[in-house]
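Structure file input29.pdb with PDB, C-alpha atoms:
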```
ATOM      1  CA  MET A   1     -48.911 -95.060  41.964
ATOM      2  CA  PRO A   2     -47.814 -97.011  40.058
ATOM      3  CA  ALA A   3     -45.731 -99.003  42.511
ATOM      4  CA  VAL A   4     -44.017-101.289  39.999
ATOM      5  CA  THR A   5     -42.371 -99.807  36.945
ATOM      6  CA  ALA A   6     -39.742-100.900  34.447
ATOM      7  CA  PRO A   7     -36.362 -99.135  34.269
ATOM      8  CA  ASP A   8     -36.446 -99.531  30.491
ATOM      9  CA  ILE A   9     -39.852-100.330  29.017
ATOM     10  CA  LEU A  10     -38.254-100.914  25.612
ATOM     11  CA  VAL A  11     -36.710-104.204  26.727
ATOM     12  CA  LEU A  12     -39.991-105.718  27.950
ATOM     13  CA  PRO A  13     -41.794-108.443  25.973
ATOM     14  CA  ARG A  14     -44.214-106.950  23.440
ATOM     15  CA  ILE A  15     -47.893-107.854  23.326
ATOM     16  CA  THR A  16     -49.039-109.011  19.909
ATOM     17  CA  VAL A  17     -52.626-109.175  18.678
ATOM     18  CA  PRO A  18     -53.656-111.537  15.861
ATOM     19  CA  ALA A  19     -54.544-109.645  12.698
ATOM     20  CA  ASP A  20     -57.980-111.282  12.567
ATOM     21  CA  ALA A  21     -58.852-110.552  16.215
ATOM     22  CA  ALA A  22     -62.345-109.060  16.528
ATOM     23  CA  ALA A  23     -62.429-105.926  18.672
ATOM     24  CA  ARG A  24     -64.788-106.086  21.632
ATOM     25  CA  PRO A  25     -67.368-103.285  21.535
ATOM     26  CA  VAL A  26     -68.216-101.321  24.669
ATOM     27  CA  ALA A  27     -71.594-102.521  25.935
ATOM     28  CA  LYS A  28     -71.900 -99.938  28.724
ATOM     29  CA  VAL A  29     -69.958 -97.390  30.771
ATOM     30  CA  VAL A  30     -70.977 -96.788  34.399
ATOM     31  CA  ASP A  31     -69.776 -94.608  37.258
ATOM     32  CA  SER A  32     -68.768 -96.008  40.656
ATOM     33  CA  GLN A  33     -70.750 -95.692  43.846
ATOM     34  CA  ARG A  34     -68.976 -93.941  46.708
ATOM     35  CA  THR A  35     -69.431 -95.723  50.026
ATOM     36  CA  LEU A  36     -67.649 -96.785  53.227
ATOM     37  CA  GLU A  37     -66.336-100.226  54.081
ATOM     38  CA  GLY A  38     -64.740-101.988  57.037
ATOM     39  CA  ALA A  39     -64.296 -99.647  59.976
ATOM     40  CA  GLY A  40     -65.201 -96.681  57.776
ATOM     41  CA  PHE A  41     -62.639 -96.321  54.976
ATOM     42  CA  PRO A  42     -63.835 -94.820  51.672
ATOM     43  CA  VAL A  43     -64.188 -96.910  48.529
ATOM     44  CA  ARG A  44     -65.329 -96.435  44.962
ATOM     45  CA  ARG A  45     -67.458 -99.436  43.933
ATOM     46  CA  PRO A  46     -68.131-100.023  40.227
ATOM     47  CA  PHE A  47     -69.958-103.292  41.003
ATOM     48  CA  PRO A  48     -72.223-104.635  42.293
ATOM     49  CA  THR A  49     -74.492-101.658  41.627
ATOM     50  CA  ALA A  50     -77.903-101.143  40.088
ATOM     51  CA  ALA A  51     -76.162-100.557  36.749
ATOM     52  CA  VAL A  52     -73.898-103.638  36.993
ATOM     53  CA  SER A  53     -75.521-106.154  39.305
ATOM     54  CA  GLN A  54     -73.790-109.208  37.823
ATOM     55  CA  ALA A  55     -70.142-109.454  36.747
ATOM     56  CA  ASP A  56     -69.750-113.249  36.691
ATOM     57  CA  PRO A  57     -67.328-114.667  37.818
ATOM     58  CA  PHE A  58     -66.653-111.574  39.956
ATOM     59  CA  LEU A  59     -68.742-110.526  42.927
ATOM     60  CA  LEU A  60     -67.377-107.137  43.986
ATOM     61  CA  LEU A  61     -64.731-104.574  43.100
ATOM     62  CA  ASP A  62     -63.745-101.865  45.603
ATOM     63  CA  HIS A  63     -61.209 -99.150  44.838
ATOM     64  CA  MET A  64     -59.724 -97.976  48.149
ATOM     65  CA  LEU A  65     -58.429 -94.437  47.672
ATOM     66  CA  ALA A  66     -57.703 -91.887  50.407
ATOM     67  CA  ALA A  67     -55.240 -89.251  51.571
ATOM     68  CA  TYR A  68     -55.224 -89.890  55.313
ATOM     69  CA  GLU A  69     -54.415 -87.429  58.039
ATOM     70  CA  PRO A  70     -52.591 -88.783  61.147
ATOM     71  CA  GLN A  71     -54.810 -91.130  63.204
ATOM     72  CA  GLU A  72     -57.364 -91.271  60.366
ATOM     73  CA  ALA A  73     -56.499 -94.482  58.474
ATOM     74  CA  LYS A  74     -58.868 -97.413  59.004
ATOM     75  CA  GLY A  75     -59.054-101.009  57.887
ATOM     76  CA  ALA A  76     -61.293-104.055  58.197
ATOM     77  CA  PRO A  77     -61.184-105.662  61.681
ATOM     78  CA  TRP A  78     -61.723-109.389  62.182
ATOM     79  CA  HIS A  79     -64.457-110.806  59.940
ATOM     80  CA  PRO A  80     -65.314-114.140  58.267
ATOM     81  CA  HIS A  81     -65.407-115.255  54.626
ATOM     82  CA  ARG A  82     -66.673-118.415  52.928
ATOM     83  CA  GLY A  83     -67.173-119.511  49.355
ATOM     84  CA  PHE A  84     -64.982-117.105  47.331
ATOM     85  CA  GLU A  85     -61.545-115.493  46.972
ATOM     86  CA  THR A  86     -60.429-111.974  47.883
ATOM     87  CA  VAL A  87     -57.688-110.361  45.806
ATOM     88  CA  THR A  88     -56.105-107.247  47.324
ATOM     89  CA  TYR A  89     -53.716-105.284  45.100
ATOM     90  CA  LEU A  90     -51.961-102.234  46.565
ATOM     91  CA  MET A  91     -50.367 -99.461  44.546
ATOM     92  CA  ASP A  92     -49.652 -97.155  47.503
ATOM     93  CA  GLY A  93     -49.775 -97.812  51.232
ATOM     94  CA  THR A  94     -49.427-100.860  53.458
ATOM     95  CA  PHE A  95     -51.886-103.467  54.738
ATOM     96  CA  VAL A  96     -51.102-105.853  57.597
ATOM     97  CA  HIS A  97     -53.252-108.975  57.760
ATOM     98  CA  HIS A  98     -53.765-111.915  60.124
ATOM     99  CA  ASP A  99     -55.985-114.983  59.960
ATOM    100  CA  SER A 100     -57.499-117.543  62.294
ATOM    101  CA  ASN A 101     -55.099-120.233  61.019
ATOM    102  CA  GLY A 102     -52.105-118.305  62.347
ATOM    103  CA  GLY A 103     -51.163-116.900  58.955
ATOM    104  CA  GLY A 104     -50.613-113.308  58.015
ATOM    105  CA  GLY A 105     -48.212-110.892  56.474
ATOM    106  CA  VAL A 106     -47.665-107.453  55.041
ATOM    107  CA  ILE A 107     -48.459-106.229  51.544
ATOM    108  CA  SER A 108     -47.322-102.844  50.297
ATOM    109  CA  ASP A 109     -46.501-100.955  47.115
ATOM    110  CA  GLY A 110     -47.241-103.215  44.154
ATOM    111  CA  ASP A 111     -47.958-106.386  46.168
ATOM    112  CA  THR A 112     -51.003-108.646  45.917
ATOM    113  CA  GLN A 113     -52.620-110.785  48.617
ATOM    114  CA  TRP A 114     -54.724-113.572  47.155
ATOM    115  CA  MET A 115     -56.824-115.241  49.836
ATOM    116  CA  THR A 116     -58.945-118.285  49.085
ATOM    117  CA  ALA A 117     -61.543-118.352  51.849
ATOM    118  CA  GLY A 118     -62.997-121.640  50.629
ATOM    119  CA  ALA A 119     -64.677-123.500  53.476
ATOM    120  CA  GLY A 120     -64.218-120.564  55.823
ATOM    121  CA  ILE A 121     -61.696-118.344  57.556
ATOM    122  CA  LEU A 122     -61.497-115.325  59.832
ATOM    123  CA  HIS A 123     -59.061-112.537  59.031
ATOM    124  CA  ASP A 124     -58.366-108.850  59.442
ATOM    125  CA  GLU A 125     -56.814-106.234  57.146
ATOM    126  CA  LEU A 126     -55.407-103.145  58.802
ATOM    127  CA  PRO A 127     -53.276-100.183  57.698
ATOM    128  CA  SER A 128     -49.715-100.209  58.983
ATOM    129  CA  GLU A 129     -48.974 -98.505  62.290
ATOM    130  CA  GLU A 130     -46.842 -95.947  60.454
ATOM    131  CA  LEU A 131     -49.712 -95.033  58.137
ATOM    132  CA  VAL A 132     -52.050 -94.655  61.115
ATOM    133  CA  MET A 133     -49.588 -92.520  63.071
ATOM    134  CA  LYS A 134     -48.283 -90.315  60.256
ATOM    135  CA  GLY A 135     -51.069 -90.438  57.698
ATOM    136  CA  GLY A 136     -50.383 -90.720  53.988
ATOM    137  CA  TYR A 137     -51.714 -91.726  50.597
ATOM    138  CA  PHE A 138     -53.470 -95.078  50.234
ATOM    139  CA  ASN A 139     -54.478 -96.589  46.899
ATOM    140  CA  GLY A 140     -55.506-100.162  46.224
ATOM    141  CA  VAL A 141     -58.258-102.443  45.015
ATOM    142  CA  GLN A 142     -60.016-105.483  46.416
ATOM    143  CA  LEU A 143     -61.679-107.900  44.047
ATOM    144  CA  TRP A 144     -63.973-110.750  45.090
ATOM    145  CA  VAL A 145     -63.773-113.770  42.774
ATOM    146  CA  ASN A 146     -66.512-116.365  43.028
ATOM    147  CA  LEU A 147     -65.549-120.012  43.449
ATOM    148  CA  PRO A 148     -67.275-122.792  41.514
ATOM    149  CA  THR A 149     -69.395-125.190  43.540
ATOM    150  CA  THR A 150     -66.633-127.799  43.459
ATOM    151  CA  ASN A 151     -64.190-125.411  45.195
ATOM    152  CA  LYS A 152     -66.403-123.652  47.722
ATOM    153  CA  TRP A 153     -65.278-126.093  50.408
ATOM    154  CA  ALA A 154     -61.595-125.911  49.495
ATOM    155  CA  LYS A 155     -59.021-125.517  52.233
ATOM    156  CA  PRO A 156     -58.227-121.822  52.848
ATOM    157  CA  ARG A 157     -54.918-120.588  51.424
ATOM    158  CA  TYR A 158     -52.920-117.417  50.805
ATOM    159  CA  GLN A 159     -50.810-116.305  47.894
ATOM    160  CA  ASP A 160     -48.553-113.350  48.609
ATOM    161  CA  ILE A 161     -47.444-112.025  45.226
ATOM    162  CA  THR A 162     -44.768-109.369  45.570
ATOM    163  CA  GLY A 163     -44.682-106.550  43.045
ATOM    164  CA  GLY A 164     -41.348-107.723  41.708
ATOM    165  CA  ASN A 165     -42.912-111.023  40.624
ATOM    166  CA  LEU A 166     -45.581-109.519  38.372
ATOM    167  CA  THR A 167     -45.231-110.197  34.653
ATOM    168  CA  LEU A 168     -44.311-106.895  32.980
ATOM    169  CA  LEU A 169     -45.211-106.373  29.336
ATOM    170  CA  THR A 170     -45.529-103.514  26.890
ATOM    171  CA  SER A 171     -47.487-102.661  23.778
ATOM    172  CA  GLY A 172     -46.054-102.878  20.282
ATOM    173  CA  ASP A 173     -45.034 -99.203  20.298
ATOM    174  CA  ALA A 174     -43.962 -99.261  23.981
ATOM    175  CA  GLY A 175     -46.637 -96.701  24.810
ATOM    176  CA  ALA A 176     -48.066 -98.706  27.704
ATOM    177  CA  LEU A 177     -46.834-100.739  30.672
ATOM    178  CA  VAL A 178     -48.874-103.843  31.520
ATOM    179  CA  ARG A 179     -48.544-105.516  34.926
ATOM    180  CA  LEU A 180     -50.089-108.967  34.579
ATOM    181  CA  ILE A 181     -51.178-110.260  38.007
ATOM    182  CA  ALA A 182     -53.066-113.416  37.015
ATOM    183  CA  GLY A 183     -54.225-115.247  33.936
ATOM    184  CA  ASN A 184     -52.989-114.810  30.380
ATOM    185  CA  ILE A 185     -52.604-112.027  27.864
ATOM    186  CA  GLY A 186     -51.716-113.751  24.637
ATOM    187  CA  GLU A 187     -48.766-116.039  25.275
ATOM    188  CA  HIS A 188     -47.839-114.329  28.544
ATOM    189  CA  ALA A 189     -48.952-115.591  31.980
ATOM    190  CA  GLY A 190     -49.202-113.861  35.352
ATOM    191  CA  PRO A 191     -48.030-115.389  38.654
ATOM    192  CA  GLY A 192     -51.430-115.687  40.374
ATOM    193  CA  VAL A 193     -52.851-119.229  40.692
ATOM    194  CA  THR A 194     -56.626-119.227  40.389
ATOM    195  CA  HIS A 195     -59.423-121.731  40.986
ATOM    196  CA  THR A 196     -61.687-119.753  38.643
ATOM    197  CA  PRO A 197     -60.042-118.908  35.296
ATOM    198  CA  ILE A 198     -59.601-115.111  35.152
ATOM    199  CA  THR A 199     -57.262-112.447  33.799
ATOM    200  CA  LEU A 200     -56.266-109.465  35.957
ATOM    201  CA  ALA A 201     -53.846-106.699  34.943
ATOM    202  CA  HIS A 202     -52.969-103.100  35.848
ATOM    203  CA  VAL A 203     -52.024-101.034  32.814
ATOM    204  CA  SER A 204     -50.482 -97.567  32.507
ATOM    205  CA  VAL A 205     -51.031 -95.945  29.111
ATOM    206  CA  SER A 206     -48.983 -92.890  28.154
ATOM    207  CA  PRO A 207     -50.858 -89.719  27.102
ATOM    208  CA  GLY A 208     -52.214 -90.085  23.584
ATOM    209  CA  ALA A 209     -51.129 -93.732  23.299
ATOM    210  CA  ARG A 210     -53.343 -96.682  22.400
ATOM    211  CA  LEU A 211     -53.176-100.174  23.920
ATOM    212  CA  THR A 212     -54.799-103.233  22.362
ATOM    213  CA  VAL A 213     -54.518-106.604  24.093
ATOM    214  CA  PRO A 214     -55.797-110.030  23.059
ATOM    215  CA  TRP A 215     -58.566-111.327  25.320
ATOM    216  CA  SER A 216     -60.062-114.799  25.613
ATOM    217  CA  ARG A 217     -63.333-114.934  23.685
ATOM    218  CA  ASP A 218     -64.792-117.137  26.456
ATOM    219  CA  PHE A 219     -64.068-114.557  29.181
ATOM    220  CA  SER A 220     -66.066-111.580  30.322
ATOM    221  CA  ALA A 221     -64.147-108.311  29.909
ATOM    222  CA  MET A 222     -64.134-105.062  31.875
ATOM    223  CA  ALA A 223     -61.895-102.034  32.351
ATOM    224  CA  TYR A 224     -61.978 -99.879  35.491
ATOM    225  CA  VAL A 225     -60.211 -96.497  35.507
ATOM    226  CA  LEU A 226     -58.018 -96.059  38.569
ATOM    227  CA  SER A 227     -56.855 -92.612  37.499
ATOM    228  CA  GLY A 228     -56.946 -90.420  34.419
ATOM    229  CA  ASP A 229     -59.140 -89.926  31.390
ATOM    230  CA  GLY A 230     -59.341 -91.797  28.133
ATOM    231  CA  PHE A 231     -61.418 -93.919  25.819
ATOM    232  CA  ALA A 232     -62.475 -97.550  25.496
ATOM    233  CA  GLY A 233     -63.093 -99.686  22.450
ATOM    234  CA  SER A 234     -62.251 -99.179  18.813
ATOM    235  CA  ASP A 235     -65.027 -96.562  18.649
ATOM    236  CA  SER A 236     -63.352 -94.512  21.446
ATOM    237  CA  ARG A 237     -66.154 -94.353  24.001
ATOM    238  CA  PRO A 238     -65.213 -91.835  26.751
ATOM    239  CA  LEU A 239     -63.999 -93.662  29.870
ATOM    240  CA  PRO A 240     -63.066 -91.205  32.652
ATOM    241  CA  ASP A 241     -61.742 -91.591  36.188
ATOM    242  CA  ALA A 242     -63.592 -94.083  38.458
ATOM    243  CA  HIS A 243     -65.751 -95.395  35.594
ATOM    244  CA  LEU A 244     -66.139 -98.997  34.455
ATOM    245  CA  ALA A 245     -66.438-100.169  30.851
ATOM    246  CA  VAL A 246     -68.177-103.484  30.229
ATOM    247  CA  PHE A 247     -67.216-104.985  26.882
ATOM    248  CA  GLY A 248     -69.248-107.144  24.540
ATOM    249  CA  PRO A 249     -68.003-110.263  22.703
ATOM    250  CA  GLY A 250     -64.789-110.369  20.731
ATOM    251  CA  ASP A 251     -61.082-111.239  20.861
ATOM    252  CA  SER A 252     -59.352-108.007  21.915
ATOM    253  CA  ILE A 253     -59.705-104.946  24.158
ATOM    254  CA  THR A 254     -58.600-101.431  23.190
ATOM    255  CA  LEU A 255     -57.876 -98.470  25.491
ATOM    256  CA  THR A 256     -56.708 -95.025  24.410
ATOM    257  CA  ALA A 257     -55.289 -92.439  26.820
ATOM    258  CA  GLY A 258     -56.326 -88.820  26.506
ATOM    259  CA  ASP A 259     -53.679 -86.354  25.362
ATOM    260  CA  GLU A 260     -53.561 -84.767  28.842
ATOM    261  CA  GLN A 261     -53.409 -86.689  32.113
ATOM    262  CA  ASN A 262     -53.693 -84.838  35.403
ATOM    263  CA  GLY A 263     -53.341 -87.743  37.861
ATOM    264  CA  ARG A 264     -50.413 -88.414  40.185
ATOM    265  CA  THR A 265     -48.573 -90.552  37.622
ATOM    266  CA  GLY A 266     -49.309 -88.604  34.448
ATOM    267  CA  GLN A 267     -50.552 -91.879  32.916
ATOM    268  CA  TYR A 268     -53.945 -93.404  32.179
ATOM    269  CA  GLU A 269     -54.157 -96.023  34.940
ATOM    270  CA  VAL A 270     -56.640 -98.824  34.270
ATOM    271  CA  LEU A 271     -57.470-102.212  35.799
ATOM    272  CA  LEU A 272     -58.312-104.862  33.185
ATOM    273  CA  LEU A 273     -60.298-107.841  34.421
ATOM    274  CA  GLY A 274     -62.405-110.674  33.116
ATOM    275  CA  GLY A 275     -62.984-114.361  33.584
ATOM    276  CA  MET A 276     -64.846-117.505  32.683
ATOM    277  CA  PRO A 277     -68.481-117.044  33.779
ATOM    278  CA  LEU A 278     -69.518-119.766  36.238
ATOM    279  CA  ARG A 279     -73.238-119.515  35.428
ATOM    280  CA  GLU A 280     -74.106-121.058  38.794
ATOM    281  CA  PRO A 281     -76.732-120.013  41.346
ATOM    282  CA  VAL A 282     -75.437-117.315  43.717
ATOM    283  CA  ALA A 283     -76.694-116.927  47.267
ATOM    284  CA  ARG A 284     -74.890-114.197  49.205
ATOM    285  CA  TYR A 285     -75.160-112.628  52.608
ATOM    286  CA  GLY A 286     -72.435-110.227  53.676
ATOM    287  CA  PRO A 287     -69.137-112.131  53.718
ATOM    288  CA  PHE A 288     -70.659-115.479  52.648
ATOM    289  CA  VAL A 289     -71.237-116.465  49.008
ATOM    290  CA  MET A 290     -72.674-119.902  48.344
ATOM    291  CA  ASN A 291     -75.164-121.516  45.948
ATOM    292  CA  THR A 292     -78.255-121.880  48.136
ATOM    293  CA  ARG A 293     -80.006-120.115  51.007
ATOM    294  CA  ALA A 294     -79.559-123.245  53.131
ATOM    295  CA  GLU A 295     -75.779-123.011  52.660
ATOM    296  CA  ILE A 296     -75.858-119.363  53.772
ATOM    297  CA  ILE A 297     -77.739-120.332  56.940
ATOM    298  CA  GLN A 298     -75.192-123.078  57.539
ATOM    299  CA  ALA A 299     -72.357-120.572  57.079
ATOM    300  CA  MET A 300     -73.887-118.249  59.674
ATOM    301  CA  GLU A 301     -74.329-121.115  62.115
ATOM    302  CA  ASP A 302     -70.774-122.361  61.530
ATOM    303  CA  PHE A 303     -69.391-118.870  62.100
ATOM    304  CA  GLN A 304     -71.382-118.372  65.303
ATOM    305  CA  ALA A 305     -70.264-121.792  66.557
ATOM    306  CA  GLY A 306     -66.584-121.000  65.901
ATOM    307  CA  ARG A 307     -66.217-123.628  63.187
ATOM    308  CA  MET A 308     -64.517-121.102  60.874
ATOM    309  CA  GLY A 309     -61.847-120.526  63.503
ATOM    310  CA  THR A 310     -61.491-118.126  66.380
ATOM    311  CA  VAL A 311     -59.657-114.838  66.759
ATOM    312  CA  PRO A 312     -56.217-115.600  68.243
ATOM    313  CA  ALA A 313     -55.790-114.041  71.677
ATOM    314  CA  VAL A 314     -52.506-112.426  70.632
ATOM    315  CA  HIS A 315     -54.512-110.163  68.304
ATOM    316  CA  LEU A 316     -57.012-109.107  70.964
ATOM    317  CA  GLY A 317     -54.598-106.803  72.762
ATOM    318  CA  ASP A 318     -54.606-109.031  75.836
ATOM    319  CA  ALA A 319     -52.223-107.563  78.412
ATOM    320  CA  ASP A 320     -50.920-111.044  79.207
ATOM    321  CA  ASP A 321     -49.773-111.620  75.624
ATOM    322  CA  ASP A 322     -46.414-109.912  75.248
TER
END
```

Translate the structure described by the file into structure tokens.
Amino acid sequence: MPAVTAPDILVLPRITVPADAAARPVAKVVDSQRTLEGAGFPVRRPFPTAAVSQADPFLLLDHMLAAYEPQEAKGAPWHPHRGFETVTYLMDGTFVHHDSNGGGGVISDGDTQWMTAGAGILHDELPSEELVMKGGYFNGVQLWVNLPTTNKWAKPRYQDITGGNLTLLTSGDAGALVRLIAGNIGEHAGPGVTHTPITLAHVSVSPGARLTVPWSRDFSAMAYVLSGDGFAGSDSRPLPDAHLAVFGPGDSITLTAGDEQNGRTGQYEVLLLGGMPLREPVARYGPFVMNTRAEIIQAMEDFQAGRMGTVPAVHLGDADDD
């Protein structure tokens, strides 16, 4: 990490912040929960937790981080989704995915898979065969983005955003690299197409440098530390590794990297995220997120009846499928 860098950061477009932009204060800083997901791979989960139960319009953020030994890597076998979007961004490692519509693909260093589950889909996400056989470093995040009521029954779709298509930006003094995945930072737009208006970016701040970015006043705002130690807000609240800062109202976000960084990249690696709160009722059960309990029951019945699709036989390891 990071997977996508710029040969010469000095030639990148510079981020400008209006002189009258009000700095967002830090409302709270929380640590992540350590847990297991899928078939048993480790994740750091800053939300939902007891400290941050609601992050509207987001539902979940998992940081997948592991140094695997041979035969140790695991993924998420076939499972359903309905009513939201999953955004998987990989900095190191490879995921292979398939779905019940016959789609699929491979995402690796710096790539993003944006899956709109909408009305319902089955899919799997598995480490590459090479990673399973040889082991290796794996580092990525998965973000669940809620869909508004009007889009919960949308047709499922994928966006495969390769690392080379991210919008690369830098701060005024070129002390930070910003990889804009979706949404807008000032006048700059990322490649991701979203049903729910959000902004998502991975930033690398050099030791001792400060990054300030404009942020939509109507959006929520959070910063999750992927690696390193630093500070958040104009009042420099400590924000260490695996911690999440939740910002209050305002027009800009500020991050400052500590003078010493001991992570793999030597940079302060942070995920910036926020979006337009939906302020709609949320009913959730496992991989289903709808507005009412009745819709959750319907989702379970539809899944059990195969109305979200079926697992293709080619993926079942059937000896007759060569």

#### Entry: Among listed residues A:Val96, A:Leu10, A:Ala283, A:Ala67, nearest Ile296 (chain A) (using all atoms listed in the file)
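That would be A:Ala283, the residue with the smallest distance to Ile296 (chain A).
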
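Interatomic distance, CA of Leu147 (chain A) against CA of Arg82 (chain A): 9.7 Å.
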
### Query
Care to translate the PyMOL selection byres ((chain A and resi 199-208) around 8) into actual residues of this file, as number ranges by chain?
A: 175-185, 197-198, 209-211, 256-261, 266-275

Just write the chosen residues, C-alpha atoms, as a PDB file, keeping the file's coordinate frame.
```
ATOM      1  CA  GLY A 175     -46.637 -96.701  24.810  1.00  0.00           C
ATOM      2  CA  ALA A 176     -48.066 -98.706  27.704  1.00  0.00           C
ATOM      3  CA  LEU A 177     -46.834-100.739  30.672  1.00  0.00           C
ATOM      4  CA  VAL A 178     -48.874-103.843  31.520  1.00  0.00           C
ATOM      5  CA  ARG A 179     -48.544-105.516  34.926  1.00  0.00           C
ATOM      6  CA  LEU A 180     -50.089-108.967  34.579  1.00  0.00           C
ATOM      7  CA  ILE A 181     -51.178-110.260  38.007  1.00  0.00           C
ATOM      8  CA  ALA A 182     -53.066-113.416  37.015  1.00  0.00           C
ATOM      9  CA  GLY A 183     -54.225-115.247  33.936  1.00  0.00           C
ATOM     10  CA  ASN A 184     -52.989-114.810  30.380  1.00  0.00           C
ATOM     11  CA  ILE A 185     -52.604-112.027  27.864  1.00  0.00           C
ATOM     12  CA  PRO A 197     -60.042-118.908  35.296  1.00  0.00           C
ATOM     13  CA  ILE A 198     -59.601-115.111  35.152  1.00  0.00           C
ATOM     14  CA  ALA A 209     -51.129 -93.732  23.299  1.00  0.00           C
ATOM     15  CA  ARG A 210     -53.343 -96.682  22.400  1.00  0.00           C
ATOM     16  CA  LEU A 211     -53.176-100.174  23.920  1.00  0.00           C
ATOM     17  CA  THR A 256     -56.708 -95.025  24.410  1.00  0.00           C
ATOM     18  CA  ALA A 257     -55.289 -92.439  26.820  1.00  0.00           C
ATOM     19  CA  GLY A 258     -56.326 -88.820  26.506  1.00  0.00           C
ATOM     20  CA  ASP A 259     -53.679 -86.354  25.362  1.00  0.00           C
ATOM     21  CA  GLU A 260     -53.561 -84.767  28.842  1.00  0.00           C
ATOM     22  CA  GLN A 261     -53.409 -86.689  32.113  1.00  0.00           C
ATOM     23  CA  GLY A 266     -49.309 -88.604  34.448  1.00  0.00           C
ATOM     24  CA  GLN A 267     -50.552 -91.879  32.916  1.00  0.00           C
ATOM     25  CA  TYR A 268     -53.945 -93.404  32.179  1.00  0.00           C
ATOM     26  CA  GLU A 269     -54.157 -96.023  34.940  1.00  0.00           C
ATOM     27  CA  VAL A 270     -56.640 -98.824  34.270  1.00  0.00           C
ATOM     28  CA  LEU A 271     -57.470-102.212  35.799  1.00  0.00           C
ATOM     29  CA  LEU A 272     -58.312-104.862  33.185  1.00  0.00           C
ATOM     30  CA  LEU A 273     -60.298-107.841  34.421  1.00  0.00           C
ATOM     31  CA  GLY A 274     -62.405-110.674  33.116  1.00  0.00           C
ATOM     32  CA  GLY A 275     -62.984-114.361  33.584  1.00  0.00           C
TER      33      GLY A 275
END
```

Report as a PDB file with C-alpha atoms, in the coordinates of the input the residues that result from applying the PyMOL selection byres ((chain A and resi 120) around 8) to the structure here.
```
ATOM      1  CA  PRO A  80     -65.314-114.140  58.267  1.00  0.00           C
ATOM      2  CA  HIS A  81     -65.407-115.255  54.626  1.00  0.00           C
ATOM      3  CA  ARG A  82     -66.673-118.415  52.928  1.00  0.00           C
ATOM      4  CA  GLY A  83     -67.173-119.511  49.355  1.00  0.00           C
ATOM      5  CA  ALA A 117     -61.543-118.352  51.849  1.00  0.00           C
ATOM      6  CA  GLY A 118     -62.997-121.640  50.629  1.00  0.00           C
ATOM      7  CA  ALA A 119     -64.677-123.500  53.476  1.00  0.00           C
ATOM      8  CA  ILE A 121     -61.696-118.344  57.556  1.00  0.00           C
ATOM      9  CA  LEU A 122     -61.497-115.325  59.832  1.00  0.00           C
ATOM     10  CA  TRP A 153     -65.278-126.093  50.408  1.00  0.00           C
ATOM     11  CA  PRO A 156     -58.227-121.822  52.848  1.00  0.00           C
ATOM     12  CA  MET A 308     -64.517-121.102  60.874  1.00  0.00           C
TER      13      MET A 308
END
```

With 10 Å as the cut-off and all atoms listed in the file counted, what is the closest atom pair between each nearby residue of region 169-227 of chain A and region 23-34 of chain A? Distances in Å to one decimal, ordered by chain and number, as a tab-separated table.
```
residue	atom	partner	partner_atom	distance
A:Thr212	CA	A:Ala23	CA	8.9
A:Val213	CA	A:Ala23	CA	9.6
A:Pro214	CA	A:Ala23	CA	8.9
A:Trp215	CA	A:Arg24	CA	8.9
A:Arg217	CA	A:Arg24	CA	9.2
A:Ala221	CA	A:Arg24	CA	8.6
A:Met222	CA	A:Val26	CA	9.1
A:Ala223	CA	A:Val29	CA	9.4
A:Tyr224	CA	A:Ser32	CA	9.4
A:Val225	CA	A:Asp31	CA	9.9
```

### Message
Would you compute the distance between CA of Thr94 (chain A) and CA of Tyr137 (chain A)? Give it in Å to one decimal.
### Response
9.8 Å

### Task
Record the distance separating CA of Val141 (chain A) and CA of Leu61 (chain A), expressed in Å with one decimal.
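For CA of Val141 (chain A) relative to CA of Leu61 (chain A), the distance reads 7.1 Å.
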
### Task
Apply the PyMOL selection byres ((chain A and resi 218) around 9) to the structure shown and report the selected residues as number ranges by chain.
A: 215-217, 219-220, 249-251, 275-277

### Task
Name the residues within 8 Å of (-52.0, -96.3, 50.2), counting all atoms listed in the file in the file's coordinates, and put them as a ChimeraX atom specification.
/A:65-67,90-94,109,136-140

### Message
For a quick check of understanding, using only C-alpha atoms, which of A:Asp111, A:Asp124, A:Glu130, A:Asp62 has the smallest distance to Leu166 (chain A)?
### Response
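Distance minimum relative to Leu166 (chain A) lands on A:Asp111.
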
Could you give me region 138-142 of chain A completed to N, CA, C and O atoms, formatted as an mmCIF file, keeping the file's coordinate frame?
```cif
data_model
loop_
_atom_site.group_PDB
_atom_site.id
_atom_site.type_symbol
_atom_site.label_atom_id
_atom_site.label_comp_id
_atom_site.auth_asym_id
_atom_site.auth_seq_id
_atom_site.Cartn_x
_atom_site.Cartn_y
_atom_site.Cartn_z
ATOM 1 N N PHE A 138 -53.148 -93.650 50.310
ATOM 2 C CA PHE A 138 -53.470 -95.078 50.234
ATOM 3 C C PHE A 138 -54.267 -95.325 48.958
ATOM 4 O O PHE A 138 -55.250 -94.633 48.681
ATOM 5 N N ASN A 139 -53.833 -96.321 48.181
ATOM 6 C CA ASN A 139 -54.478 -96.589 46.899
ATOM 7 C C ASN A 139 -54.373 -98.073 46.590
ATOM 8 O O ASN A 139 -53.275 -98.621 46.452
ATOM 9 N N GLY A 140 -55.512 -98.739 46.520
ATOM 10 C CA GLY A 140 -55.506 -100.162 46.224
ATOM 11 C C GLY A 140 -56.888 -100.627 45.827
ATOM 12 O O GLY A 140 -57.873 -99.881 45.899
ATOM 13 N N VAL A 141 -56.973 -101.867 45.385
ATOM 14 C CA VAL A 141 -58.258 -102.443 45.015
ATOM 15 C C VAL A 141 -58.429 -103.786 45.709
ATOM 16 O O VAL A 141 -57.448 -104.480 46.013
ATOM 17 N N GLN A 142 -59.690 -104.124 45.980
ATOM 18 C CA GLN A 142 -60.016 -105.483 46.416
ATOM 19 C C GLN A 142 -61.092 -106.039 45.499
ATOM 20 O O GLN A 142 -62.131 -105.412 45.274
#
```
